[in-house]
$ cat model.txt   # compact mmCIF, C-alpha atoms
# COMPACT_ATOMS: atom_id res chain seq x y z
CA MET A 12 113.09 85.75 54.19
CA ARG A 13 112.60 87.59 57.49
CA ILE A 14 114.71 90.75 57.47
CA LEU A 15 115.24 93.39 60.14
CA ILE A 16 116.56 96.79 59.09
CA PHE A 17 118.61 98.31 61.93
CA GLY A 18 118.72 102.01 61.10
CA ALA A 19 115.59 104.00 60.27
CA GLY A 20 117.15 106.75 58.16
CA THR A 21 116.84 107.37 54.44
CA ILE A 22 118.86 104.32 53.41
CA GLY A 23 117.29 101.94 55.91
CA LEU A 24 113.71 102.93 55.08
CA SER A 25 114.42 102.87 51.34
CA TYR A 26 115.87 99.36 51.47
CA ALA A 27 112.98 98.29 53.72
CA TRP A 28 110.57 99.44 51.02
CA LEU A 29 112.54 97.79 48.21
CA LEU A 30 113.06 94.46 49.98
CA SER A 31 109.48 94.28 51.26
CA ASP A 32 108.39 93.58 47.69
CA LYS A 33 109.50 89.96 48.18
CA HIS A 34 110.43 89.59 51.85
CA ASP A 35 109.03 90.02 55.35
CA VAL A 36 110.75 93.23 56.49
CA SER A 37 110.71 95.05 59.83
CA VAL A 38 112.50 98.27 60.82
CA TYR A 39 114.06 98.70 64.26
CA VAL A 40 113.53 102.01 66.04
CA ARG A 41 115.23 102.62 69.37
CA PRO A 42 112.61 103.06 72.13
CA GLU A 43 113.86 106.56 72.93
CA LYS A 44 113.43 107.49 69.24
CA GLN A 45 109.97 105.97 68.86
CA GLU A 46 108.18 109.31 69.20
CA ASN A 47 110.20 110.64 66.25
CA ALA A 48 109.23 107.73 64.01
CA TYR A 49 106.17 107.70 61.77
CA GLU A 50 103.75 104.89 61.03
CA THR A 51 103.51 106.01 57.42
CA TYR A 52 106.07 107.75 55.20
CA SER A 53 105.45 109.69 52.00
CA ILE A 54 108.07 108.63 49.47
CA SER A 55 108.89 110.43 46.23
CA ALA A 56 111.08 108.13 44.17
CA GLN A 57 112.96 108.68 40.95
CA ASP A 58 113.38 105.05 39.92
CA LEU A 59 116.06 104.74 37.25
CA ARG A 60 115.47 100.97 37.06
CA LYS A 61 112.04 101.63 35.60
CA GLU A 62 112.81 105.04 34.09
CA LYS A 63 109.95 106.72 35.88
CA SER A 64 109.12 108.71 38.99
CA TYR A 65 106.29 108.14 41.42
CA ALA A 66 104.99 109.12 44.85
CA PHE A 67 103.37 106.76 47.33
CA LYS A 68 102.80 105.95 51.00
CA PHE A 69 104.92 103.35 52.79
CA SER A 70 104.01 101.95 56.20
CA PRO A 71 106.94 99.89 57.49
CA ASN A 72 106.53 97.34 60.26
CA LEU A 73 108.27 99.23 63.07
CA VAL A 74 109.63 97.36 66.11
CA THR A 75 111.19 98.79 69.26
CA ASP A 76 112.84 95.61 70.52
CA LEU A 77 114.90 92.82 69.03
CA THR A 78 112.98 89.88 70.44
CA GLY A 79 111.70 88.70 67.06
CA GLU A 80 113.21 85.91 65.00
CA TYR A 81 114.99 87.07 61.84
CA ASP A 82 117.05 85.43 59.13
CA LEU A 83 119.04 88.58 58.41
CA ILE A 84 119.70 91.87 60.18
CA ILE A 85 120.83 94.66 57.84
CA VAL A 86 122.62 97.45 59.69
CA THR A 87 122.26 100.82 57.93
CA VAL A 88 123.22 103.26 60.69
CA ASN A 89 125.79 105.90 59.75
CA ARG A 90 129.46 105.81 60.61
CA CYS A 91 129.00 107.95 63.71
CA GLN A 92 126.27 105.69 65.11
CA LEU A 93 127.90 102.31 64.62
CA LEU A 94 129.91 101.96 67.81
CA LYS A 95 126.94 102.45 70.13
CA SER A 96 124.88 100.02 68.02
CA LEU A 97 127.31 97.11 68.24
CA PRO A 98 126.67 96.04 71.86
CA ILE A 99 122.91 96.06 71.19
CA LEU A 100 123.41 93.83 68.16
CA LYS A 101 125.82 91.55 70.01
CA THR A 102 123.31 90.97 72.80
CA ASN A 103 120.22 90.51 70.64
CA LYS A 104 121.17 89.00 67.30
CA LYS A 105 120.12 85.40 68.20
CA ASN A 106 120.53 83.19 65.12
CA ALA A 107 120.28 85.95 62.53
CA ASN A 108 123.13 86.76 60.20
CA ILE A 109 124.26 90.39 60.40
CA LEU A 110 125.03 92.41 57.28
CA PHE A 111 126.67 95.79 57.86
CA MET A 112 125.95 98.23 55.02
CA LEU A 113 127.47 101.64 55.75
CA ASN A 114 130.32 103.96 54.86
CA HIS A 115 133.37 103.57 57.12
CA TRP A 116 137.12 104.20 57.15
CA ASP A 117 138.10 101.21 59.31
CA ILE A 118 134.99 99.12 59.64
CA THR A 119 136.55 95.77 60.54
CA THR A 120 138.47 97.18 63.51
CA GLU A 121 135.31 98.67 64.98
CA ILE A 122 133.05 95.69 64.34
CA GLU A 123 135.60 93.16 65.57
CA LYS A 124 135.52 94.67 69.03
CA TYR A 125 132.26 92.70 69.28
CA PHE A 126 132.16 90.13 66.45
CA THR A 127 134.71 87.83 64.85
CA LYS A 128 135.18 88.02 61.09
CA GLU A 129 133.15 84.83 60.75
CA GLU A 130 130.18 86.34 62.60
CA TYR A 131 129.26 89.17 60.26
CA LEU A 132 128.93 90.14 56.60
CA LEU A 133 129.74 93.37 54.79
CA GLY A 134 127.98 95.23 52.03
CA PHE A 135 127.25 98.72 50.77
CA PRO A 136 123.86 100.29 49.91
CA SER A 137 124.69 102.64 47.05
CA GLN A 138 121.69 101.68 44.92
CA VAL A 139 119.69 104.28 46.83
CA GLY A 140 120.37 107.88 47.78
CA GLY A 141 118.35 110.86 48.86
CA GLY A 142 117.08 112.71 51.89
CA LYS A 143 114.54 112.50 54.68
CA GLN A 144 112.62 115.30 56.36
CA ASP A 145 110.21 114.20 59.06
CA ASP A 146 107.84 111.70 57.38
CA LYS A 147 108.89 112.55 53.83
CA LEU A 148 111.57 110.77 51.80
CA ASP A 149 112.83 112.00 48.44
CA ILE A 150 115.04 109.31 46.90
CA VAL A 151 116.75 108.12 43.75
CA VAL A 152 116.88 104.38 43.02
CA PHE A 153 119.75 103.57 40.68
CA THR A 154 119.92 100.70 38.21
CA GLU A 155 122.73 99.13 40.24
CA GLY A 156 124.77 99.77 43.37
CA THR A 157 123.92 97.16 45.99
CA ILE A 158 127.27 95.63 46.92
CA LEU A 159 127.98 92.46 48.93
CA GLY A 160 131.47 91.54 50.06
CA ILE A 161 133.20 88.22 50.62
CA GLN A 162 135.66 88.31 53.52
CA THR A 163 136.29 84.59 53.99
CA PRO A 164 135.88 81.57 51.66
CA GLU A 165 133.24 80.21 54.03
CA GLN A 166 131.02 83.24 53.34
CA LYS A 167 130.90 82.77 49.59
CA LYS A 168 127.83 80.52 49.38
CA LEU A 169 125.88 82.62 51.89
CA ILE A 170 126.70 85.84 50.05
CA TYR A 171 125.54 84.38 46.74
CA ASP A 172 122.36 83.16 48.42
CA TYR A 173 121.67 86.71 49.62
CA LYS A 174 122.48 88.04 46.18
CA GLU A 175 119.72 85.83 44.80
CA GLU A 176 117.28 86.90 47.52
CA PHE A 177 118.01 90.60 46.95
CA GLU A 178 117.72 90.29 43.20
CA ALA A 179 114.31 88.67 43.65
CA ALA A 180 113.29 92.10 44.99
CA ASP A 181 114.66 93.77 41.83
CA LEU A 182 117.92 94.97 43.38
CA HIS A 183 121.09 94.72 41.30
CA VAL A 184 123.86 93.09 43.35
CA THR A 185 127.59 93.23 42.68
CA ILE A 186 130.00 90.94 44.54
CA GLN A 187 133.15 92.71 45.76
CA GLU A 188 135.98 90.54 47.10
CA HIS A 189 137.98 93.53 48.38
CA LEU A 190 135.15 95.45 49.99
CA VAL A 191 137.09 96.60 53.07
CA ASP A 192 139.66 98.28 50.81
CA TRP A 193 136.92 99.62 48.53
CA LEU A 194 135.18 101.16 51.55
CA LYS A 195 138.34 103.03 52.58
CA VAL A 196 138.64 104.61 49.15
CA HIS A 197 134.94 105.41 48.93
CA TYR A 198 135.00 106.91 52.43
CA LEU A 199 137.81 109.35 51.67
CA GLN A 200 136.21 110.36 48.36
CA LEU A 201 133.13 111.50 50.27
CA ALA A 202 135.07 112.90 53.24
CA ILE A 203 137.10 115.32 51.14
CA ARG A 204 133.90 116.86 49.78
CA ALA A 205 133.24 118.37 53.22
CA GLY A 206 136.31 120.59 53.05
CA ALA A 207 136.14 121.31 49.33
CA ILE A 208 132.48 122.33 49.34
CA LEU A 209 132.76 124.39 52.53
CA LYS A 210 135.76 126.25 51.13
CA ALA A 211 133.91 127.02 47.89
CA GLY A 212 130.93 128.35 49.81
CA GLY A 213 128.45 125.69 48.77
CA PHE A 214 127.99 122.84 46.32
CA GLU A 215 126.82 124.94 43.37
CA ALA A 216 129.88 127.20 43.62
CA PHE A 217 132.14 124.16 43.96
CA SER A 218 130.65 122.12 41.12
CA THR A 219 131.13 124.90 38.55
CA ASN A 220 134.68 125.82 39.62
CA SER A 221 137.36 123.84 37.78
CA LYS A 222 140.11 125.16 40.06
CA ALA A 223 138.26 124.00 43.19
CA ILE A 224 137.64 120.57 41.67
CA SER A 225 141.29 120.28 40.61
CA GLU A 226 142.38 121.13 44.14
CA MET A 227 140.05 118.46 45.52
CA ILE A 228 141.64 115.91 43.18
CA VAL A 229 145.09 116.71 44.61
CA ALA A 230 143.71 116.32 48.14
CA CYS A 231 142.13 113.02 47.18
CA ARG A 232 145.48 111.75 45.89
CA GLU A 233 146.97 112.58 49.29
CA GLY A 234 144.20 110.54 50.89
CA LEU A 235 144.98 107.64 48.57
CA LYS A 236 148.57 107.70 49.85
CA VAL A 237 147.16 107.15 53.33
CA CYS A 238 145.20 104.19 51.97
CA GLU A 239 148.33 102.79 50.33
CA ALA A 240 150.27 103.14 53.59
CA SER A 241 147.45 101.24 55.29
CA GLY A 242 147.90 98.33 52.90
CA VAL A 243 145.27 99.14 50.28
CA ALA A 244 146.27 98.51 46.65
CA THR A 245 144.38 101.56 45.41
CA LYS A 246 145.36 101.24 41.75
CA LYS A 247 143.47 97.95 41.60
CA LEU A 248 140.23 99.56 42.74
CA LEU A 249 138.00 101.27 40.19
CA PRO A 250 136.94 104.24 42.33
CA ALA A 251 140.59 105.12 42.95
CA ARG A 252 142.14 104.54 39.54
CA ILE A 253 140.59 107.59 37.94
CA PHE A 254 142.49 109.91 40.31
CA TYR A 255 145.82 108.71 38.95
CA TYR A 256 145.08 110.10 35.49
CA PRO A 257 146.34 113.63 34.68
CA LYS A 258 144.30 116.44 36.21
CA ALA A 259 143.61 117.77 32.73
CA ILE A 260 141.53 114.62 32.17
CA VAL A 261 140.12 114.06 35.64
CA THR A 262 138.98 117.64 36.34
CA PRO A 263 136.48 117.99 33.44
CA PHE A 264 135.28 114.45 34.06
CA MET A 265 134.56 115.19 37.72
CA LYS A 266 133.01 118.56 36.84
CA HIS A 267 130.63 116.83 34.44
CA LEU A 268 129.82 114.21 37.09
CA PHE A 269 129.08 116.81 39.76
CA GLN A 270 126.71 118.63 37.40
CA ASN A 271 124.70 115.49 36.67
CA ASN A 272 121.14 116.03 37.91
CA GLU A 273 121.01 112.90 40.06
CA THR A 274 124.47 113.58 41.56
CA THR A 275 123.56 117.18 42.34
CA LYS A 276 120.34 116.08 44.00
CA LEU A 277 122.07 113.50 46.20
CA ILE A 278 124.92 115.76 47.29
CA GLU A 279 122.57 118.61 48.15
CA TYR A 280 120.49 116.20 50.26
CA TYR A 281 123.62 114.98 51.97
CA MET A 282 124.76 118.52 52.70
CA GLN A 283 121.44 119.00 54.51
CA ASN A 284 121.33 115.69 56.39
CA GLY A 285 124.75 114.04 56.42
CA LEU A 286 127.40 116.75 56.44
CA SER A 287 128.42 115.84 60.00
CA GLU A 288 129.41 112.37 58.78
CA TRP A 289 131.54 113.86 56.00
CA ILE A 290 133.21 116.20 58.49
CA TYR A 291 133.90 113.25 60.78
CA GLY A 292 135.45 111.48 57.80
CA TYR A 293 137.51 114.50 56.80
CA GLN A 294 139.03 114.65 60.27
CA GLU A 295 139.41 110.88 60.54
CA VAL A 296 141.42 110.56 57.32
CA LEU A 297 143.56 113.58 58.26
CA LYS A 298 144.35 112.00 61.63
CA ALA A 299 145.22 108.69 59.95
CA GLY A 300 147.67 110.57 57.72
CA GLU A 301 149.20 112.28 60.74
CA ASP A 302 149.59 108.94 62.54
CA LEU A 303 151.35 107.50 59.48
CA MET A 304 153.42 110.70 59.03
CA ILE A 305 152.17 111.23 55.49
CA PRO A 306 152.20 114.86 54.28
CA MET A 307 148.69 116.06 53.36
CA PRO A 308 149.09 119.80 52.70
CA THR A 309 146.13 120.14 50.32
CA TRP A 310 143.84 118.00 52.44
CA ARG A 311 144.86 120.03 55.49
CA SER A 312 144.25 123.32 53.66
CA TYR A 313 140.51 122.82 54.14
CA GLU A 314 140.84 122.49 57.91
CA ALA A 315 140.06 126.14 58.71
CA TYR A 316 136.82 125.99 56.70
CA VAL A 317 135.76 122.81 58.47
CA ALA A 318 136.63 124.32 61.86
CA ASP A 319 134.66 127.46 61.05
CA TYR A 320 131.60 125.39 60.15
CA ILE A 321 131.91 123.41 63.39
CA SER A 322 132.17 126.61 65.43
CA GLN A 323 128.93 127.84 63.87
CA HIS A 324 127.19 124.52 64.60
CA PRO A 325 128.07 123.63 68.20
CA LYS A 326 125.57 120.78 68.30
CA LEU A 327 127.20 119.05 65.36
CA GLU A 328 126.65 115.34 65.84
CA ALA A 329 130.16 114.11 65.14
CA VAL A 330 133.48 115.79 65.69
CA LEU A 331 136.48 113.52 65.86
CA GLN A 332 138.12 113.61 69.28
CA LYS A 333 141.87 113.96 68.88

$ encode --input "model.txt" --output "structure tokens"
Amino acid sequence: MRILIFGAGTIGLSYAWLLSDKHDVSVYVRPEKQENAYETYSISAQDLRKEKSYAFKFSPNLVTDLTGEYDLIIVTVNRCQLLKSLPILKTNKKNANILFMLNHWDITTEIEKYFTKEEYLLGFPSQVGGGKQDDKLDIVVFTEGTILGIQTPEQKKLIYDYKEEFEAADLHVTIQEHLVDWLKVHYLQLAIRAGAILKAGGFEAFSTNSKAISEMIVACREGLKVCEASGVATKKLLPARIFYYPKAIVTPFMKHLFQNNETTKLIEYYMQNGLSEWIYGYQEVLKAGEDLMIPMPTWRSYEAYVADYISQHPKLEAVLQK
């Protein structure tokens, strides 16, 4: 299968490497970003599928235009980059199917400014995490986590075909029939970390502080009320259900999770490379709550810490315009 990865960050390059084991994979780099791209990347991978770690060189097939013929375009840009990518994809997709794999609060509304529901597919790339610095990637490959969604009955066969193609490259694929709702919940779970970690003074201080984690759980419940008001049946979704248990149960569970070596590694990488996206999400969910007139006192209590961080980083990539 001929695949184009649209998004040359950590996730895009990692999936390019993984899928290239069985497929013909290219990676799109915008012409103005070409000088920042590298012909060869040094990858350090902790591969939990194989229970081993290794380091190697990966030389992706980089392209700076979309004139090639592809069977599938996988979009792995971040939430803040999606809107400016859509017109490029609309103009150049030809006969390829488009699979959007990114974190987003309201992904269908944004995509459907350019594509009908029948013209695109949704997924999520959580089988890989890590960080990128220049030509070096440090990643974790999990035993599972590649998610494909079914939005319409007509997509079912195609999604299962892609599941088979991905699994041929040793990815583990889960089919999620409520992926749009799942994405909303997942998005707010990451977004609230921005405020909670900034308030605590860093991830290490946050992850060892039961009071800070308990406060984050309350804020997350407020975010789930926003999801519910938006039509999401949160109690039916696994990532949300845990937050409805008593704090006495959830707090130690989350504390243990945050102190897991792989989790710590990924969050610290994200604090270095993706904090702007979390901040965007924090503000986006807060604004959604305001629009729906849902009280979010605990969520809002982090606002000063987020604002202080933004003031110290004036070139921050993404700040929600209110």

$ atom_distance --input "model.txt" --atom1 "atom CA of A:Lys167" --atom2 "atom CA of A:Thr245"
23.5 Å

$ residues_around --input "model.txt" --residues "A:Arg90" --least-positions-apart "5" --cutoff "7 Å" --atoms "all atoms listed in the file" --output "mmCIF file with C-alpha atoms, keeping the file's coordinate frame"
data_model
loop_
_atom_site.group_PDB
_atom_site.id
_atom_site.type_symbol
_atom_site.label_atom_id
_atom_site.label_comp_id
_atom_site.auth_asym_id
_atom_site.auth_seq_id
_atom_site.Cartn_x
_atom_site.Cartn_y
_atom_site.Cartn_z
ATOM 1 C CA LEU A 113 127.470 101.640 55.750
ATOM 2 C CA ASN A 114 130.320 103.960 54.860
ATOM 3 C CA HIS A 115 133.370 103.570 57.120
ATOM 4 C CA GLU A 288 129.410 112.370 58.780
#

$ closest_atom_pairs --input "model.txt" --of "stretch 170-271 of chain A" --to "stretch 27-41 of chain A" --cutoff "10 Å" --atoms "all atoms listed in the file" --output "tab-separated table"
residue	atom	partner	partner_atom	distance
A:Glu176	CA	A:Lys33	CA	8.4
A:Phe177	CA	A:Leu30	CA	7.0
A:Glu178	CA	A:Leu30	CA	9.2
A:Ala179	CA	A:Lys33	CA	6.7
A:Ala180	CA	A:Lys33	CA	5.4
A:Asp181	CA	A:Leu29	CA	7.8
A:Leu182	CA	A:Leu29	CA	7.8

$ residues_around --input "model.txt" --residues "A:Lys276" --least-positions-apart "3" --cutoff "10 Å" --atoms "all atoms listed in the file" --output "list of chain:residue names"
A:Gly140, A:Gly141, A:Gly142, A:Asp149, A:Ile150, A:Val151, A:Phe269, A:Gln270, A:Asn271, A:Asn272, A:Glu273, A:Glu279, A:Tyr280, A:Tyr281

$ residues_around --input "model.txt" --residues "stretch 257-262 of chain A" --least-positions-apart "3" --cutoff "7 Å" --atoms "all atoms listed in the file" --output "PDB file with C-alpha atoms, keeping the file's coordinate frame"
ATOM      1  CA  SER A 221     137.360 123.840  37.780  1.00  0.00           C
ATOM      2  CA  ILE A 224     137.640 120.570  41.670  1.00  0.00           C
ATOM      3  CA  SER A 225     141.290 120.280  40.610  1.00  0.00           C
ATOM      4  CA  ILE A 253     140.590 107.590  37.940  1.00  0.00           C
ATOM      5  CA  PHE A 254     142.490 109.910  40.310  1.00  0.00           C
ATOM      6  CA  MET A 265     134.560 115.190  37.720  1.00  0.00           C
ATOM      7  CA  LYS A 266     133.010 118.560  36.840  1.00  0.00           C
TER       8      LYS A 266
END

$ closest_residue --input "model.txt" --among "A:Leu83, A:Tyr65, A:Ser96, A:His197" --to "A:Gly292" --atoms "all atoms listed in the file"
A:His197

$ atom_distance --input "model.txt" --atom1 "atom CA of A:Gln162" --atom2 "atom CA of A:Leu100"
19.9 Å

$ closest_residue --input "model.txt" --among "A:Thr51, A:Asn284, A:Asn108, A:Gln187" --to "A:Leu169" --atoms "all atoms listed in the file"
A:Asn108

$ closest_residue --input "model.txt" --among "A:Thr127, A:Glu50, A:Val243, A:Ala223" --to "A:Leu190" --atoms "only C-alpha atoms"
A:Val243

$ closest_residue --input "model.txt" --among "A:Phe264, A:Tyr256, A:Trp193, A:Phe135" --to "A:Ala244" --atoms "all atoms listed in the file"
A:Trp193

$ atom_distance --input "model.txt" --atom1 "atom CA of A:Gln57" --atom2 "atom CA of A:Val139"
10.0 Å

$ closest_residue --input "model.txt" --among "A:Ile203, A:Glu226, A:Ala251, A:Ile278" --to "A:Val317" --atoms "only C-alpha atoms"
A:Ile203

$ closest_residue --input "model.txt" --among "A:Thr78, A:Thr119, A:Thr87, A:Asn72" --to "A:Asn103" --atoms "only C-alpha atoms"
A:Thr78

$ residues_around --input "model.txt" --residues "A:Met304" --least-positions-apart "6" --cutoff "12 Å" --atoms "all atoms listed in the file" --output "ChimeraX atom specification"
/A:233,236-237,240-241,297-298

$ residues_around --input "model.txt" --residues "A:Gly206" --least-positions-apart "3" --cutoff "7 Å" --atoms "only C-alpha atoms" --output "list of chain:residue names"
A:Ile203, A:Leu209, A:Lys210, A:Tyr313, A:Glu314, A:Tyr316, A:Val317

$ residues_near_point --input "model.txt" --point "(122.2, 98.6, 55.1)" --cutoff "9 Å" --atoms "all atoms listed in the file" --output "ChimeraX atom specification"
/A:16-18,22-23,26,84-88,110-113,134-136

$ write_last_selection --input "model.txt" --atoms "C-alpha atoms" --output "mmCIF file, keeping the file's coordinate frame"
data_model
loop_
_atom_site.group_PDB
_atom_site.id
_atom_site.type_symbol
_atom_site.label_atom_id
_atom_site.label_comp_id
_atom_site.auth_asym_id
_atom_site.auth_seq_id
_atom_site.Cartn_x
_atom_site.Cartn_y
_atom_site.Cartn_z
ATOM 1 C CA ILE A 16 116.560 96.790 59.090
ATOM 2 C CA PHE A 17 118.610 98.310 61.930
ATOM 3 C CA GLY A 18 118.720 102.010 61.100
ATOM 4 C CA ILE A 22 118.860 104.320 53.410
ATOM 5 C CA GLY A 23 117.290 101.940 55.910
ATOM 6 C CA TYR A 26 115.870 99.360 51.470
ATOM 7 C CA ILE A 84 119.700 91.870 60.180
ATOM 8 C CA ILE A 85 120.830 94.660 57.840
ATOM 9 C CA VAL A 86 122.620 97.450 59.690
ATOM 10 C CA THR A 87 122.260 100.820 57.930
ATOM 11 C CA VAL A 88 123.220 103.260 60.690
ATOM 12 C CA LEU A 110 125.030 92.410 57.280
ATOM 13 C CA PHE A 111 126.670 95.790 57.860
ATOM 14 C CA MET A 112 125.950 98.230 55.020
ATOM 15 C CA LEU A 113 127.470 101.640 55.750
ATOM 16 C CA GLY A 134 127.980 95.230 52.030
ATOM 17 C CA PHE A 135 127.250 98.720 50.770
ATOM 18 C CA PRO A 136 123.860 100.290 49.910
#

$ build_atoms --input "model.txt" --residues "stretch 296-307 of chain A" --atoms "N, CA and C atoms" --output "tab-separated table (two decimals), in the frame of the given file"
chain	number	residue	atom	x	y	z
A	296	VAL	N	140.37	110.84	58.31
A	296	VAL	CA	141.42	110.56	57.32
A	296	VAL	C	142.65	111.42	57.59
A	297	LEU	N	142.43	112.69	57.95
A	297	LEU	CA	143.56	113.58	58.26
A	297	LEU	C	144.35	113.03	59.44
A	298	LYS	N	143.66	112.56	60.47
A	298	LYS	CA	144.35	112.00	61.63
A	298	LYS	C	145.12	110.73	61.27
A	299	ALA	N	144.53	109.91	60.39
A	299	ALA	CA	145.22	108.69	59.95
A	299	ALA	C	146.51	109.05	59.22
A	300	GLY	N	146.47	110.11	58.39
A	300	GLY	CA	147.67	110.57	57.72
A	300	GLY	C	148.72	111.06	58.70
A	301	GLU	N	148.27	111.80	59.72
A	301	GLU	CA	149.20	112.28	60.74
A	301	GLU	C	149.85	111.11	61.47
A	302	ASP	N	149.06	110.10	61.82
A	302	ASP	CA	149.59	108.94	62.54
A	302	ASP	C	150.62	108.19	61.70
A	303	LEU	N	150.42	108.19	60.38
A	303	LEU	CA	151.35	107.50	59.48
A	303	LEU	C	152.44	108.43	58.96
A	304	MET	N	152.43	109.68	59.41
A	304	MET	CA	153.42	110.70	59.03
A	304	MET	C	153.47	110.92	57.52
A	305	ILE	N	152.29	110.98	56.92
A	305	ILE	CA	152.17	111.23	55.49
A	305	ILE	C	151.77	112.69	55.27
A	306	PRO	N	152.55	113.45	54.52
A	306	PRO	CA	152.20	114.86	54.28
A	306	PRO	C	150.87	114.97	53.53
A	307	MET	N	149.99	115.85	54.01
A	307	MET	CA	148.69	116.06	53.36
A	307	MET	C	148.40	117.55	53.30
